[in-house]
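Only one structure is covered here, and it is reproduced in the block below.
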2 protein chains.
Amino acid sequence: MRAVRFHGKEDLRVDEVPEPSPGPGEVQIRNAFSGICGSDLHVYFDPEHSGLDFTRPHPLTGATPPQILGHEFSGVITELGEGVSGLAVGDNVVVWPIYYCGECAACEKGLFNICRKIGFHGLTSHGGGMAELTTIAADKVHKLPANVGLEMGALVEPMAVGWHAVAQSGVKEGDTALVAGAGPIGIGVWFALRARGVRRIIVSEPSDTRREAIRGLGADLIVDPATEDLTARVRELTEGHGVAVGFDAAGAPAALGGALANLGPQGQLMVVALHEKSLDFNPIGLIFSEVGMRGSLGYLQPDFDEVIAAMHQLRAGEGMTILIGAGA
Amino acid sequence: MRAVRFHGKEDLRVDEVPEPSPGPGEVQIRNAFSGICGSDLHVYFDPEHSGLDFTRPHPLTGATPPQILGHEFSGVITELGEGVSGLAVGDNVVVWPIYYCGECAACEKGLFNICRKIGFHGLTSHGGGMAELTTIAADKVHKLPANVGLEMGALVEPMAVGWHAVAQSGVKEGDTALVAGAGPIGIGVWFALRARGVRRIIVSEPSDTRREAIRGLGADLIVDPATEDLTARVRELTEGHGVAVGFDAAGAPAALGGALANLGPQGQLMVVALHEKSLDFNPIGLIFSEVGMRGSLGYLQPDFDEVIAAMHQLRAGEGMTILIGAGA
């Protein structure tokens, strides 16, 4: 079969590789759609600083490059390995792509998304979504409902990143929020906030294209921080209270600083973006309003379940009800 | 009466001033002991960068320098103003020294400690603890139990700073903690952690004097970060898990960095110290373990109640039981 494989820095090839067969407890999937993640770009352009170590076999999967890419993907089950139940050939599915050790301090708490040895299907494993077929443990497979197509299914993974961050933020129905950055992750944060009953969501995004994209999805409070005074707008839109939660979904110092400065008393900033560089920061910025700043990474399986349920509701025209669940 | 008054930068005088009389709802206190706070030093040496504005009347108290100092103090009630009940002449008391507007976004949530117009008795008000007498609203007065003397009473205020930070941290009985800095605030954090049933508390402090001081109070896990490898010690003492909560009670970049780096999965760092300078910070340090960093400022009245109750228990030889209360 054909597969897109990462061989090294700026070296991506379409290779002919053997078809994988599902082992016990695994399924084989014919991949349909796969997104290209920011991490894929990092790996392609600068693997050494990607946060992943490609110089030796991954401690959990044993994989080394060449590595099939594609960790945000959908497909159709084509074969069941021994002992698999609850899934059938022909099911439309998406894959929770995380490998975890089950033994570290994070895994002991069920926080598999921050496992110290974490691996990803489609980044540091034997297969991925950018091949004709892949195999994966059945317990990482999530079925798509009939009204959520395979193309939308490939968005479950990136949307789950925002969903997880919103779950971690402690935001409550009726709170106000600020989302800095309207790329794919910022969009996921916006949807997740709506699903939790947050109506006043201020989006700050300097790119015209991205502002128009999120406006097209329904965002109504959008600020261009390059030409408008974000703080003045937030003050106006929150009647001087500042926002209860902020999200840095941009990874730029100005986005983080702007989100932090506009938090209300005991507000919470979630950092969802990966910052490439250090920034100048005075912790006193946390003190006078007792605000917090917390990192959020990836997603757990309940986040996948909840994103899929929200997509189902949207497609069914039910609107998204509040889906506060096990992902919190 | 005599009063220690701040007139301006490096200008402190013992002045003769009129004795204050209690208005309706106020009490008059004959001051006994008053501590010198880090803020007093800031104000004395560099009022312009103290975070307080001495150039115009305080928006709540109307006070301007010369200003009587002393906001961490104890005394004995000498006179009751009209309408005061529940207090009596001769009561040993301490004062919750905060003035708040009652109208801002913080006050609306009951977070008077971060009121946007906050004032302090003994810093930005008509009186303070470093005078023979002072007057204050009766509802800011806390009675000391018989077994907590006036000298110890003057420590309620600084101890409440640590108490409040620990309450805000979300720490639970049996958690592990790291306290960076063993000055008065670090000591308060240590006691508050003990009161909440935290037994493994690692104290990091480069000063010999301060290490010995906290050792004398009962601390048993003490690290000198200048000569020992803090991370290695935390790893050893927490069996590789990192601590659940950290406290920056030092205000130095190395203290904050060390505390942050030694948090376990979803750990929480409370910043209790005021950093004078910005530091180099990469938010990615929050991401891979989903850790948080939050500011804590001052105290609320329930923090005072709980500190006094803990002091009473200690003096009564009851040990401190867990006093998780309204200050959280």
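Please note that chains go A, B, ... in the order of the structure tokens, that every chain numbers its residues from 1, and that ligands are numbered from 1 in the order shown.
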
Which residues are near segment 137-150 of chain B? Cut-off 10 Å, only C-alpha atoms, ignore same chain within fewer than 6 positions. Put them as a count of residues only. 46

- Residues at most 9 Å from segment 58-61 of chain A, counting only C-alpha atoms, excluding those fewer than 4 positions away in the same chain, as a PyMOL selection string? chain A and resi 53-54+99-101+117-120+124-126

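Least-squares fitting of chain B to chain A, using all C-alpha atoms matched in order, gives an RMSD of 0.1 Å.
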
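Residue nearest Ala160 of chain B within the list B:Leu217, B:Leu12, B:Leu300, B:Val198: B:Leu300 [criterion: smallest interatomic distance, only C-alpha atoms].
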
Requested in this report: Show me which bits of chain A are within 7 Å of chain B, counting only C-alpha atoms, as an NGL selection string.
Outcome: :A and (105-106 or 114 or 241 or 265 or 274-275 or 277-284 or 286-297)

Exercise. Using DSSP on the backbone, list every residue of segment 216-326 of chain B that comes out as strand (DSSP E or B), and give them as a VMD selection string.
Key: chain B and resid 221 to 223 243 to 248 263 to 271 279 to 281 292 to 295

What separates atom CA of Thr55 of chain A and atom CA of Val14 of chain A is a distance of 21.4 Å

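What separates atom CA of Val189 of chain A from atom CA of Gly317 of chain A is a distance of 20.3 Å.
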
Nearest to Ala244 of chain B, chosen from B:Glu212, B:Asp224, B:Asp175, B:Glu205, with only C-alpha atoms counted in the distances |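 Using only C-alpha atoms, Ala244 of chain B sits closest to B:Asp175.
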
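Between Pro302 of chain A and the residues A:Glu82, A:Met1, A:Glu10, A:Ala167, the shortest atom-to-atom distance, using only C-alpha atoms, involves A:Ala167.
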